[in-house]
file structure27.cif (mmCIF, C-alpha atoms)
data_run
loop_
_atom_site.label_atom_id
_atom_site.label_comp_id
_atom_site.auth_asym_id
_atom_site.auth_seq_id
_atom_site.Cartn_x
_atom_site.Cartn_y
_atom_site.Cartn_z
CA MET Z 236 176.69 94.99 73.12
CA ALA Z 237 175.56 93.73 76.51
CA GLN Z 238 176.61 95.91 79.42
CA GLN Z 239 178.25 94.19 82.39
CA LEU Z 240 175.80 94.32 85.28
CA GLN Z 241 177.76 93.86 88.51
CA PRO Z 242 181.30 95.22 88.83
CA ASP Z 243 184.00 93.32 90.69
CA THR Z 244 184.38 94.68 94.25
CA ILE Z 245 187.66 93.01 95.28
CA PHE Z 246 190.28 94.29 92.83
CA LEU Z 247 190.21 98.01 93.76
CA LYS Z 248 190.04 97.27 97.48
CA ASN Z 249 193.21 95.17 97.23
CA LEU Z 250 194.96 97.72 95.00
CA ILE Z 251 194.22 100.64 97.34
CA GLU Z 252 195.12 98.71 100.50
CA SER Z 253 198.42 97.62 98.92
CA HIS Z 254 199.30 101.34 98.49
CA ARG Z 255 198.43 102.42 102.02
CA ASP Z 256 201.00 105.26 101.86
CA LEU Z 257 198.94 106.93 99.10
CA PHE Z 258 195.51 106.32 100.62
CA GLU Z 259 196.16 106.31 104.35
CA HIS Z 260 193.76 109.16 105.11
CA ILE Z 261 190.70 107.53 103.58
CA LEU Z 262 191.60 104.06 104.88
CA ASN Z 263 191.90 105.43 108.43
CA HIS Z 264 188.79 107.60 108.24
CA PRO Z 265 185.61 106.10 109.78
CA THR Z 266 183.50 106.76 106.67
CA HIS Z 267 186.42 106.42 104.22
CA ASN Z 268 185.70 110.07 103.33
CA GLU Z 269 182.53 108.95 101.50
CA VAL Z 270 184.76 107.53 98.74
CA GLN Z 271 183.11 105.71 95.84
CA ILE Z 272 185.07 104.53 92.78
CA LEU Z 273 184.07 102.95 89.47
CA TYR Z 274 186.92 101.90 87.16
CA THR Z 275 186.22 100.44 83.72
CA GLN Z 276 188.80 98.65 81.59
CA ILE Z 277 188.40 98.84 77.82
CA ASP Z 278 189.46 95.97 75.57
CA ARG Z 279 189.10 96.31 71.82
CA ASP Z 280 188.36 93.44 69.48
CA LYS Z 281 189.93 93.06 66.04
CA ASN Z 282 187.35 95.53 64.63
CA ASN Z 283 188.26 98.14 67.30
CA VAL Z 284 184.89 97.66 69.03
CA PRO Z 285 185.28 98.39 72.76
CA HIS Z 286 184.31 95.84 75.41
CA PHE Z 287 184.07 96.89 79.05
CA ARG Z 288 184.89 95.30 82.40
CA SER Z 289 184.15 97.30 85.55
CA TYR Z 290 185.59 97.33 89.07
CA SER Z 291 184.14 99.22 92.02
CA TYR Z 292 185.08 100.38 95.51
CA ARG Z 293 182.34 101.26 98.03
CA LEU Z 294 179.99 101.96 95.12
CA ASN Z 295 176.43 102.47 96.39
CA ALA Z 296 173.79 104.22 94.30
CA ASN Z 297 171.63 104.60 97.42
CA HIS Z 298 174.34 106.43 99.41
CA TYR Z 299 173.97 110.12 98.58
CA PHE Z 300 176.74 112.52 97.64
CA TYR Z 301 176.19 116.06 96.37
CA PRO Z 302 176.92 115.93 92.60
CA ALA Z 303 177.79 119.63 92.21
CA SER Z 304 178.89 120.53 88.65
CA THR Z 305 178.81 116.98 87.30
CA VAL Z 306 175.13 117.56 86.39
CA LYS Z 307 176.33 120.00 83.72
CA LEU Z 308 177.35 117.23 81.31
CA PRO Z 309 173.91 115.62 80.77
CA THR Z 310 172.35 119.10 80.65
CA THR Z 311 174.84 120.08 77.92
CA ILE Z 312 173.97 116.97 75.91
CA PHE Z 313 170.23 117.60 76.30
CA ALA Z 314 170.64 121.21 75.12
CA LEU Z 315 172.19 120.03 71.84
CA GLU Z 316 169.52 117.33 71.50
CA LYS Z 317 166.79 119.94 71.97
CA LEU Z 318 168.21 122.12 69.18
CA ASP Z 319 167.94 119.17 66.80
CA GLU Z 320 164.53 118.07 68.02
CA LEU Z 321 163.01 121.56 67.66
CA ASN Z 322 164.28 121.51 64.04
CA ILE Z 323 163.69 125.23 63.47
CA PRO Z 324 165.55 126.98 60.61
CA GLY Z 325 168.24 129.27 62.07
CA LEU Z 326 168.01 127.76 65.56
CA THR Z 327 171.60 126.54 65.93
CA LYS Z 328 174.12 126.47 68.75
CA ASP Z 329 175.61 129.65 67.23
CA ALA Z 330 172.33 131.62 67.29
CA VAL Z 331 172.32 134.61 69.64
CA MET Z 332 170.55 133.56 72.86
CA ILE Z 333 168.91 136.38 74.84
CA THR Z 334 167.62 135.29 78.24
CA ASP Z 335 164.85 137.34 79.85
CA SER Z 336 163.34 137.17 83.34
CA ALA Z 337 159.71 136.65 84.33
CA PHE Z 338 159.73 135.16 87.84
CA ALA Z 339 161.29 135.85 91.23
CA GLY Z 340 165.03 135.23 91.33
CA GLN Z 341 165.46 135.07 87.55
CA THR Z 342 168.16 137.14 85.84
CA LYS Z 343 168.59 138.42 82.29
CA VAL Z 344 171.53 137.91 79.91
CA LYS Z 345 172.00 140.08 76.84
CA LYS Z 346 175.79 140.09 76.47
CA ASP Z 347 178.69 137.67 76.87
CA SER Z 348 182.07 139.37 76.94
CA THR Z 349 183.85 135.98 76.70
CA SER Z 350 182.45 135.14 73.26
CA LYS Z 351 183.96 136.20 69.93
CA SER Z 352 180.86 138.25 69.06
CA GLY Z 353 180.28 139.59 72.58
CA LEU Z 354 176.85 137.94 72.51
CA PRO Z 355 175.58 134.83 74.32
CA SER Z 356 175.00 131.51 72.53
CA ILE Z 357 174.60 127.85 73.38
CA ASP Z 358 177.93 127.26 71.64
CA ASN Z 359 179.82 129.53 74.00
CA TYR Z 360 177.94 128.37 77.08
CA ILE Z 361 178.92 124.76 76.34
CA LYS Z 362 182.56 125.73 75.82
CA LYS Z 363 182.58 127.48 79.21
CA ILE Z 364 181.02 124.46 80.92
CA LEU Z 365 183.47 121.97 79.41
CA LEU Z 366 186.58 124.15 79.79
CA VAL Z 367 186.17 125.59 83.31
CA SER Z 368 182.81 124.31 84.62
CA ASP Z 369 181.13 127.74 84.46
CA ASN Z 370 178.03 127.91 86.72
CA ASP Z 371 176.15 130.66 84.88
CA ALA Z 372 176.59 128.80 81.58
CA TYR Z 373 174.99 125.70 83.10
CA ASN Z 374 172.13 127.73 84.57
CA ARG Z 375 171.34 129.15 81.11
CA LEU Z 376 171.26 125.67 79.55
CA TYR Z 377 169.10 124.40 82.45
CA GLU Z 378 166.66 127.23 81.61
CA PHE Z 379 166.73 126.44 77.89
CA VAL Z 380 166.16 122.69 78.18
CA GLY Z 381 163.73 123.15 81.07
CA ARG Z 382 163.48 121.15 84.26
CA ALA Z 383 160.69 118.85 83.01
CA GLU Z 384 162.49 117.94 79.79
CA ILE Z 385 165.81 117.32 81.59
CA ASN Z 386 164.15 114.80 83.90
CA GLN Z 387 162.16 113.17 81.08
CA LYS Z 388 165.45 112.65 79.22
CA LEU Z 389 167.10 111.13 82.29
CA LYS Z 390 164.29 108.54 82.40
CA LYS Z 391 164.52 107.97 78.63
CA TYR Z 392 168.18 107.00 79.03
CA ASP Z 393 167.55 104.76 82.09
CA LEU Z 394 169.34 107.15 84.45
CA ASN Z 395 166.73 106.29 87.02
CA GLY Z 396 168.76 107.21 90.09
CA THR Z 397 169.33 110.75 88.82
CA ARG Z 398 167.34 113.96 89.11
CA ILE Z 399 168.38 117.47 88.06
CA ILE Z 400 166.06 119.99 89.67
CA GLY Z 401 167.87 123.29 90.09
CA ARG Z 402 170.40 125.91 89.05
CA LEU Z 403 173.79 126.11 90.75
CA ALA Z 404 175.42 128.76 92.97
CA VAL Z 405 172.49 131.20 92.93
CA GLY Z 406 170.52 129.95 95.96
CA ASP Z 407 167.92 128.36 93.69
CA THR Z 408 165.29 126.83 95.99
CA GLY Z 409 161.60 126.03 96.29
CA ILE Z 410 159.20 127.33 93.67
CA ASN Z 411 161.97 129.25 91.86
CA THR Z 412 163.58 126.01 90.63
CA LYS Z 413 160.32 125.05 88.90
CA HIS Z 414 160.18 128.20 86.76
CA THR Z 415 162.62 128.74 83.89
CA ASN Z 416 163.19 131.96 82.01
CA PRO Z 417 161.74 133.10 78.69
CA ILE Z 418 164.43 132.98 75.97
CA ASP Z 419 164.72 134.45 72.47
CA PHE Z 420 167.09 133.24 69.75
CA TYR Z 421 168.22 135.48 66.92
CA GLN Z 422 170.10 135.25 63.65
CA GLY Z 423 171.18 138.86 63.12
CA ASP Z 424 168.08 140.96 63.82
CA LYS Z 425 165.70 138.14 62.98
CA LEU Z 426 163.92 136.31 65.81
CA VAL Z 427 164.09 132.59 64.98
CA TYR Z 428 162.63 131.10 68.17
CA HIS Z 429 160.81 132.37 71.27
CA GLN Z 430 160.56 130.08 74.30
CA PRO Z 431 158.15 131.41 76.94
CA LEU Z 432 158.51 131.06 80.70
CA GLN Z 433 158.18 127.38 81.59
CA TYR Z 434 156.77 125.83 84.75
CA ASP Z 435 157.40 122.26 85.92
CA ALA Z 436 154.84 121.10 88.48
CA LYS Z 437 156.56 117.81 89.34
CA ASP Z 438 158.66 117.19 92.46
CA TYR Z 439 160.78 114.07 91.58
CA PRO Z 440 160.87 112.62 95.12
CA MET Z 441 163.85 110.36 95.88
CA HIS Z 442 164.99 109.08 99.25
CA PRO Z 443 168.57 107.80 99.26
CA GLU Z 444 170.42 107.46 102.57
CA ASN Z 445 172.91 110.11 103.75
CA MET Z 446 170.68 113.09 102.85
CA LEU Z 447 171.19 114.58 106.32
CA GLN Z 448 174.88 115.33 106.93
CA GLY Z 449 177.15 116.93 109.51
CA LYS Z 450 176.26 118.60 112.78
CA GLY Z 451 175.56 122.16 111.66
CA TYR Z 452 175.55 124.71 108.84
CA LEU Z 453 175.68 128.43 108.18
CA ASP Z 454 172.35 129.74 106.89
CA ARG Z 455 171.93 132.46 104.24
CA HIS Z 456 172.58 135.10 106.91
CA ASP Z 457 175.82 133.34 107.99
CA LYS Z 458 174.15 132.32 111.25
CA LEU Z 459 175.28 128.96 112.65
CA VAL Z 460 172.41 126.45 112.88
CA MET Z 461 173.35 123.42 114.96
CA GLN Z 462 171.43 120.71 113.15
CA PRO Z 463 172.36 118.44 110.21
CA PHE Z 464 172.45 119.92 106.72
CA ASP Z 465 169.58 118.64 104.55
CA PHE Z 466 170.33 117.67 100.92
CA SER Z 467 166.84 116.27 100.23
CA HIS Z 468 165.90 119.08 97.80
CA ASN Z 469 169.13 118.97 95.79
CA ASN Z 470 170.26 117.36 92.56
CA ILE Z 471 171.07 113.62 92.65
CA TYR Z 472 173.49 111.94 90.23
CA PRO Z 473 175.00 108.61 91.39
CA LEU Z 474 178.45 107.59 90.19
CA ALA Z 475 177.28 104.66 88.04
CA ASP Z 476 174.84 106.98 86.23
CA GLN Z 477 177.65 109.49 85.70
CA GLN Z 478 179.87 106.87 84.11
CA MET Z 479 176.96 105.59 82.03
CA VAL Z 480 176.49 109.10 80.57
CA LEU Z 481 180.21 109.32 79.77
CA LYS Z 482 180.25 105.85 78.19
CA ARG Z 483 177.14 106.59 76.11
CA LEU Z 484 178.69 109.88 74.98
CA LEU Z 485 182.12 108.51 74.04
CA PHE Z 486 181.15 105.04 72.81
CA PRO Z 487 177.62 105.38 71.38
CA GLU Z 488 178.19 102.38 69.11
CA THR Z 489 178.11 100.07 72.17
CA PHE Z 490 174.50 101.04 72.94
CA PRO Z 491 171.30 100.08 71.08
CA LYS Z 492 170.25 102.74 68.57
CA ASP Z 493 167.29 103.88 70.68
CA GLN Z 494 169.57 104.30 73.70
CA GLN Z 495 172.12 106.51 71.93
CA PHE Z 496 172.07 110.26 72.45
CA ASN Z 497 170.32 112.14 69.65
CA LEU Z 498 173.48 113.97 68.55
CA THR Z 499 175.01 114.52 65.12
CA PRO Z 500 178.63 113.46 64.37
CA GLU Z 501 179.58 117.16 64.47
CA GLN Z 502 177.97 117.62 67.91
CA TYR Z 503 179.84 114.61 69.29
CA LYS Z 504 183.12 116.02 67.98
CA PHE Z 505 182.33 119.46 69.41
CA ILE Z 506 181.81 117.99 72.90
CA TYR Z 507 184.91 115.75 72.70
CA HIS Z 508 187.05 118.66 71.53
CA TYR Z 509 186.19 121.02 74.38
CA MET Z 510 186.00 118.27 77.03
CA SER Z 511 189.63 117.40 76.37
CA MET Z 512 191.03 120.89 75.71
CA TRP Z 513 193.14 122.60 78.37
CA PRO Z 514 191.50 125.96 79.29
CA THR Z 515 194.71 127.78 78.33
CA GLU Z 516 194.38 126.44 74.74
CA SER Z 517 191.06 128.22 74.18
CA LYS Z 518 190.93 131.56 72.34
CA HIS Z 519 187.21 132.39 72.68
CA PRO Z 520 186.53 132.17 75.57
CA THR Z 521 190.03 132.99 76.84
CA TYR Z 522 191.40 131.64 80.13
CA ASP Z 523 194.75 132.97 81.26
CA PRO Z 524 197.18 132.01 84.03
CA PRO Z 525 197.57 132.28 86.94
CA GLU Z 526 193.81 131.99 87.59
CA TYR Z 527 193.54 129.24 84.98
CA PHE Z 528 196.09 126.58 84.04
CA PRO Z 529 196.15 123.42 81.89
CA ALA Z 530 195.16 120.95 84.63
CA TYR Z 531 192.50 123.33 86.05
CA CYS Z 532 189.58 120.85 85.82
CA LYS Z 533 191.62 117.64 85.55
CA TRP Z 534 191.59 116.03 88.99
CA LEU Z 535 191.99 112.32 88.34
CA PHE Z 536 195.67 112.13 87.29
CA TYR Z 537 196.70 115.77 87.91
CA GLY Z 538 194.86 116.66 91.12
CA GLY Z 539 194.02 120.10 89.70
CA ASP Z 540 197.65 121.12 90.27
CA SER Z 541 198.37 124.62 88.95
CA LEU Z 542 202.06 123.69 88.53
CA ALA Z 543 201.50 120.30 86.86
CA MET Z 544 203.52 119.70 83.70
CA VAL Z 545 200.90 118.06 81.52
CA ASN Z 546 201.94 115.02 79.51
CA PRO Z 547 201.54 116.00 75.82
CA ASN Z 548 200.50 112.45 74.90
CA ILE Z 549 197.63 112.29 77.40
CA ARG Z 550 194.16 113.80 77.04
CA ILE Z 551 191.39 113.62 79.62
CA PHE Z 552 187.72 113.73 78.57
CA ASN Z 553 185.94 114.51 81.82
CA LYS Z 554 183.53 116.49 83.96
CA ILE Z 555 184.34 117.45 87.54
CA GLY Z 556 182.29 118.81 90.41
CA ASP Z 557 183.13 120.29 93.80
CA SER Z 558 180.95 121.63 96.58
CA TYR Z 559 180.12 120.95 100.26
CA GLY Z 560 183.50 119.22 100.66
CA TYR Z 561 182.83 116.78 97.80
CA ASP Z 562 185.21 116.42 94.86
CA ILE Z 563 183.97 114.32 91.95
CA ASP Z 564 185.58 113.48 88.61
CA ASN Z 565 184.14 111.35 85.81
CA ALA Z 566 186.89 110.79 83.25
CA TYR Z 567 188.01 108.90 80.16
CA ILE Z 568 191.81 109.04 80.12
CA VAL Z 569 193.77 108.37 76.91
CA ASP Z 570 197.50 108.11 76.22
CA PHE Z 571 197.93 108.26 72.45
CA LYS Z 572 201.59 107.24 72.61
CA THR Z 573 201.18 104.08 74.67
CA LYS Z 574 197.64 103.32 73.34
CA THR Z 575 196.31 103.32 76.89
CA GLU Z 576 192.63 104.10 77.61
CA PHE Z 577 190.34 103.63 80.60
CA ILE Z 578 187.31 105.16 82.32
CA LEU Z 579 187.56 106.23 85.96
CA SER Z 580 184.87 107.88 88.07
CA ALA Z 581 185.34 108.80 91.72
CA VAL Z 582 183.95 110.88 94.57
CA VAL Z 583 185.61 111.83 97.86
CA GLN Z 584 184.56 114.22 100.63
CA SER Z 585 186.33 115.95 103.49
CA ASN Z 586 184.51 118.14 106.00
CA ASP Z 587 186.38 117.58 109.25
CA ASP Z 588 184.48 120.12 111.35
CA GLY Z 589 181.06 118.76 110.26
CA ILE Z 590 179.82 122.29 109.47
CA TYR Z 591 178.42 123.07 106.02
CA ASN Z 592 178.62 126.40 104.15
CA ASP Z 593 181.61 127.59 106.21
CA ASN Z 594 184.04 127.14 103.29
CA LYS Z 595 186.25 124.98 105.49
CA TYR Z 596 186.75 121.81 103.51
CA GLU Z 597 189.98 119.88 103.01
CA TYR Z 598 189.98 119.91 99.20
CA LYS Z 599 193.71 120.61 98.83
CA THR Z 600 194.98 118.37 101.61
CA VAL Z 601 192.64 115.36 101.33
CA CYS Z 602 190.39 115.32 98.24
CA LEU Z 603 192.62 116.42 95.37
CA PRO Z 604 195.67 114.38 96.45
CA PHE Z 605 193.37 111.33 96.62
CA MET Z 606 192.11 112.02 93.08
CA LYS Z 607 195.62 112.48 91.70
CA ASN Z 608 196.97 109.34 93.39
CA LEU Z 609 194.02 107.25 92.23
CA GLY Z 610 194.29 108.36 88.60
CA GLN Z 611 198.06 107.84 88.53
CA LEU Z 612 197.77 104.41 90.17
CA ILE Z 613 195.20 103.15 87.65
CA TYR Z 614 197.22 104.63 84.77
CA GLN Z 615 200.35 102.78 85.90
CA TYR Z 616 198.33 99.58 86.21
CA GLU Z 617 196.92 100.08 82.69
CA LEU Z 618 200.39 100.65 81.20
CA ASN Z 619 201.30 97.10 82.21
CA ARG Z 620 197.99 95.46 81.34
CA LYS Z 621 198.26 93.09 78.37
CA LYS Z 622 195.88 93.71 75.47
CA GLU Z 623 195.24 91.45 72.52
CA TYR Z 624 194.42 94.35 70.20
CA LEU Z 625 195.70 97.90 70.65
CA PRO Z 626 193.03 100.56 70.18
CA ASP Z 627 192.74 102.89 67.21
CA LEU Z 628 192.18 106.20 69.03
CA LYS Z 629 192.03 108.64 66.11
CA LYS Z 630 188.39 109.44 66.89
CA PHE Z 631 189.60 111.20 70.06
CA LYS Z 632 192.55 113.08 68.59
CA PHE Z 633 192.08 116.78 67.93
CA ARG Z 634 194.06 119.85 67.00
CA TYR Z 635 193.67 122.40 69.78
#
call {"tool": "encode", "arguments": {"input": "structure27.cif", "output": "structure tokens"}}
result
Amino acid sequence: MAQQLQPDTIFLKNLIESHRDLFEHILNHPTHNEVQILYTQIDRDKNNVPHFRSYSYRLNANHYFYPASTVKLPTTIFALEKLDELNIPGLTKDAVMITDSAFAGQTKVKKDSTSKSGLPSIDNYIKKILLVSDNDAYNRLYEFVGRAEINQKLKKYDLNGTRIIGRLAVGDTGINTKHTNPIDFYQGDKLVYHQPLQYDAKDYPMHPENMLQGKGYLDRHDKLVMQPFDFSHNNIYPLADQQMVLKRLLFPETFPKDQQFNLTPEQYKFIYHYMSMWPTESKHPTYDPPEYFPAYCKWLFYGGDSLAMVNPNIRIFNKIGDSYGYDIDNAYIVDFKTKTEFILSAVVQSNDDGIYNDNKYEYKTVCLPFMKNLGQLIYQYELNRKKEYLPDLKKFKFRY
């Protein structure tokens, strides 16, 4: 079906301004805390085919925000695609994945204590990404897919404002980002696939606005440098591209065949299952309170509240990110009881002192309350929105 090109820009502005008590901080802040929102209503026809109508607030693909862990979702999808495209007997998501090192800064992985077998695999890495946004798991998939292939795939799927050019949380910079580790896959003792060290010569230059931020930063030696922090060598993943990935993942039937992800029905179900599972429902890997809790990575609607009583009728299929004062969530929210469904993607930042890398960001007082209030507000609006045909949501219902 045809995708709506330009979202309405008035509706969300009016809705937020009419609830000033919930959104006072961003409305009074000179940059609105870098907020961008994209909300998509879903209306089903008599055949249950979804049709979309989008609404935006301050959405600007050319205004940079740091995407943090949100880049893990496309990388996860591309890892499963690569397994299929290699089409090698025994090379499955369950195969044992041994990562070696062959360049400066690279690290090896031979064991994974969180998996049932105690050994690493793409299967377990994806679970860890979708359940708790594990950084090392993403880095291993980045190395498997390879930087060049990730960026080729982004172009293939018309995600032209996006680039993914580095690992996360390991100080991956410069030439190191261009080299990815050698990897061996095994079934038992049998080597089924060897991937040598890869090198990607390309640079993927992009020049959005807002790449220089703040007034200072702490360098790698914790020394204060009084000049703006430069994001120009980081990943880029605008909000509209994020929602496009989510829409293409959850509703592939609304895209032309050649624009659908190259995933099997089982791979789609695998992603949906772990995207929507609470971390505390998982057995392998296991995530226990108090460090982990049901709403751990669910920001739109729950605000990542460790004490939140989760609604048993609601499931959230999402991917969050947080770093440098930015909180991002890209979510499909479903209430099976009321037959409510919508897509909501949002970013907000708070860095009041203008210093980066000092771990002083207002996540708990500004960002997460904003996310929770926004998700709840849209949910309440959706509960009262009239629909001609109620959706059949069984595709998204799982036993956990």
call {"tool": "closest_residue", "arguments": {"input": "structure27.cif", "among": "Z:Tyr360, Z:Phe571, Z:Phe246, Z:Phe300", "to": "Pro520 (chain Z)", "atoms": "all atoms listed in the file"}}
result
Z:Tyr360
call {"tool": "resolve_selection", "arguments": {"input": "structure27.cif", "expression": "the PyMOL selection byres ((chain Z and resi 274-286) around 9)", "output": "PDB file with C-alpha atoms, in the frame of the given file"}}
result
ATOM      1  CA  MET Z 236     176.690  94.990  73.120  1.00  0.00           C
ATOM      2  CA  GLN Z 238     176.610  95.910  79.420  1.00  0.00           C
ATOM      3  CA  PRO Z 242     181.300  95.220  88.830  1.00  0.00           C
ATOM      4  CA  LEU Z 247     190.210  98.010  93.760  1.00  0.00           C
ATOM      5  CA  ILE Z 272     185.070 104.530  92.780  1.00  0.00           C
ATOM      6  CA  LEU Z 273     184.070 102.950  89.470  1.00  0.00           C
ATOM      7  CA  PHE Z 287     184.070  96.890  79.050  1.00  0.00           C
ATOM      8  CA  ARG Z 288     184.890  95.300  82.400  1.00  0.00           C
ATOM      9  CA  SER Z 289     184.150  97.300  85.550  1.00  0.00           C
ATOM     10  CA  TYR Z 290     185.590  97.330  89.070  1.00  0.00           C
ATOM     11  CA  SER Z 291     184.140  99.220  92.020  1.00  0.00           C
ATOM     12  CA  TYR Z 292     185.080 100.380  95.510  1.00  0.00           C
ATOM     13  CA  PHE Z 486     181.150 105.040  72.810  1.00  0.00           C
ATOM     14  CA  GLU Z 488     178.190 102.380  69.110  1.00  0.00           C
ATOM     15  CA  THR Z 489     178.110 100.070  72.170  1.00  0.00           C
ATOM     16  CA  GLU Z 576     192.630 104.100  77.610  1.00  0.00           C
ATOM     17  CA  PHE Z 577     190.340 103.630  80.600  1.00  0.00           C
ATOM     18  CA  ILE Z 578     187.310 105.160  82.320  1.00  0.00           C
ATOM     19  CA  LEU Z 579     187.560 106.230  85.960  1.00  0.00           C
ATOM     20  CA  SER Z 580     184.870 107.880  88.070  1.00  0.00           C
ATOM     21  CA  ALA Z 581     185.340 108.800  91.720  1.00  0.00           C
ATOM     22  CA  ILE Z 613     195.200 103.150  87.650  1.00  0.00           C
ATOM     23  CA  GLU Z 617     196.920 100.080  82.690  1.00  0.00           C
ATOM     24  CA  LYS Z 622     195.880  93.710  75.470  1.00  0.00           C
ATOM     25  CA  GLU Z 623     195.240  91.450  72.520  1.00  0.00           C
ATOM     26  CA  TYR Z 624     194.420  94.350  70.200  1.00  0.00           C
ATOM     27  CA  LEU Z 625     195.700  97.900  70.650  1.00  0.00           C
ATOM     28  CA  PRO Z 626     193.030 100.560  70.180  1.00  0.00           C
ATOM     29  CA  ASP Z 627     192.740 102.890  67.210  1.00  0.00           C
TER      30      ASP Z 627
END
call {"tool": "resolve_selection", "arguments": {"input": "structure27.cif", "expression": "the PyMOL selection byres ((chain Z and resi 537-546) around 6)", "output": "list in words"}}
result
Phe528, Ala530, Tyr531, Cys532, Lys533, Trp534, Leu535, Phe536, Pro547, Asn548, Ile549, Leu603, Pro604, Met606 and Lys607 of chain Z
call {"tool": "resolve_selection", "arguments": {"input": "structure27.cif", "expression": "the PyMOL selection byres ((chain Z and resi 589-598) around 12)", "output": "PDB file with C-alpha atoms, keeping the file's coordinate frame"}}
result
ATOM      1  CA  HIS Z 260     193.760 109.160 105.110  1.00  0.00           C
ATOM      2  CA  ASN Z 268     185.700 110.070 103.330  1.00  0.00           C
ATOM      3  CA  ALA Z 404     175.420 128.760  92.970  1.00  0.00           C
ATOM      4  CA  LEU Z 447     171.190 114.580 106.320  1.00  0.00           C
ATOM      5  CA  GLN Z 448     174.880 115.330 106.930  1.00  0.00           C
ATOM      6  CA  GLY Z 449     177.150 116.930 109.510  1.00  0.00           C
ATOM      7  CA  LYS Z 450     176.260 118.600 112.780  1.00  0.00           C
ATOM      8  CA  GLY Z 451     175.560 122.160 111.660  1.00  0.00           C
ATOM      9  CA  TYR Z 452     175.550 124.710 108.840  1.00  0.00           C
ATOM     10  CA  LEU Z 453     175.680 128.430 108.180  1.00  0.00           C
ATOM     11  CA  ASP Z 454     172.350 129.740 106.890  1.00  0.00           C
ATOM     12  CA  ARG Z 455     171.930 132.460 104.240  1.00  0.00           C
ATOM     13  CA  HIS Z 456     172.580 135.100 106.910  1.00  0.00           C
ATOM     14  CA  ASP Z 457     175.820 133.340 107.990  1.00  0.00           C
ATOM     15  CA  LYS Z 458     174.150 132.320 111.250  1.00  0.00           C
ATOM     16  CA  LEU Z 459     175.280 128.960 112.650  1.00  0.00           C
ATOM     17  CA  VAL Z 460     172.410 126.450 112.880  1.00  0.00           C
ATOM     18  CA  MET Z 461     173.350 123.420 114.960  1.00  0.00           C
ATOM     19  CA  GLN Z 462     171.430 120.710 113.150  1.00  0.00           C
ATOM     20  CA  PRO Z 463     172.360 118.440 110.210  1.00  0.00           C
ATOM     21  CA  PHE Z 464     172.450 119.920 106.720  1.00  0.00           C
ATOM     22  CA  ASP Z 465     169.580 118.640 104.550  1.00  0.00           C
ATOM     23  CA  PHE Z 466     170.330 117.670 100.920  1.00  0.00           C
ATOM     24  CA  TRP Z 534     191.590 116.030  88.990  1.00  0.00           C
ATOM     25  CA  GLY Z 538     194.860 116.660  91.120  1.00  0.00           C
ATOM     26  CA  GLY Z 539     194.020 120.100  89.700  1.00  0.00           C
ATOM     27  CA  ASP Z 540     197.650 121.120  90.270  1.00  0.00           C
ATOM     28  CA  GLY Z 556     182.290 118.810  90.410  1.00  0.00           C
ATOM     29  CA  ASP Z 557     183.130 120.290  93.800  1.00  0.00           C
ATOM     30  CA  SER Z 558     180.950 121.630  96.580  1.00  0.00           C
ATOM     31  CA  TYR Z 559     180.120 120.950 100.260  1.00  0.00           C
ATOM     32  CA  GLY Z 560     183.500 119.220 100.660  1.00  0.00           C
ATOM     33  CA  TYR Z 561     182.830 116.780  97.800  1.00  0.00           C
ATOM     34  CA  ASP Z 562     185.210 116.420  94.860  1.00  0.00           C
ATOM     35  CA  ILE Z 563     183.970 114.320  91.950  1.00  0.00           C
ATOM     36  CA  VAL Z 582     183.950 110.880  94.570  1.00  0.00           C
ATOM     37  CA  VAL Z 583     185.610 111.830  97.860  1.00  0.00           C
ATOM     38  CA  GLN Z 584     184.560 114.220 100.630  1.00  0.00           C
ATOM     39  CA  SER Z 585     186.330 115.950 103.490  1.00  0.00           C
ATOM     40  CA  ASN Z 586     184.510 118.140 106.000  1.00  0.00           C
ATOM     41  CA  ASP Z 587     186.380 117.580 109.250  1.00  0.00           C
ATOM     42  CA  ASP Z 588     184.480 120.120 111.350  1.00  0.00           C
ATOM     43  CA  LYS Z 599     193.710 120.610  98.830  1.00  0.00           C
ATOM     44  CA  THR Z 600     194.980 118.370 101.610  1.00  0.00           C
ATOM     45  CA  VAL Z 601     192.640 115.360 101.330  1.00  0.00           C
ATOM     46  CA  CYS Z 602     190.390 115.320  98.240  1.00  0.00           C
ATOM     47  CA  LEU Z 603     192.620 116.420  95.370  1.00  0.00           C
ATOM     48  CA  PRO Z 604     195.670 114.380  96.450  1.00  0.00           C
ATOM     49  CA  PHE Z 605     193.370 111.330  96.620  1.00  0.00           C
ATOM     50  CA  MET Z 606     192.110 112.020  93.080  1.00  0.00           C
ATOM     51  CA  LYS Z 607     195.620 112.480  91.700  1.00  0.00           C
TER      52      LYS Z 607
END
call {"tool": "atom_distance", "arguments": {"input": "structure27.cif", "atom1": "CA of Asn297 (chain Z)", "atom2": "CA of Leu257 (chain Z)"}}
result
27.5 Å
call {"tool": "atom_distance", "arguments": {"input": "structure27.cif", "atom1": "CA of Phe496 (chain Z)", "atom2": "CA of Ile568 (chain Z)"}}
result
21.2 Å
call {"tool": "residues_near_point", "arguments": {"input": "structure27.cif", "point": "(177.3, 107.8, 86.5)", "cutoff": "9 Å", "atoms": "only C-alpha atoms", "output": "list of chain:residue names"}}
result
Z:Leu273, Z:Leu394, Z:Thr397, Z:Tyr472, Z:Pro473, Z:Leu474, Z:Ala475, Z:Asp476, Z:Gln477, Z:Gln478, Z:Met479, Z:Val480, Z:Leu481, Z:Asn565, Z:Ser580
call {"tool": "residues_around", "arguments": {"input": "structure27.cif", "residues": "Gly325 (chain Z)", "least_positions_apart": "4", "cutoff": "8 Å", "atoms": "only C-alpha atoms", "output": "VMD selection string"}}
result
chain Z and resid 330 421 to 422 427
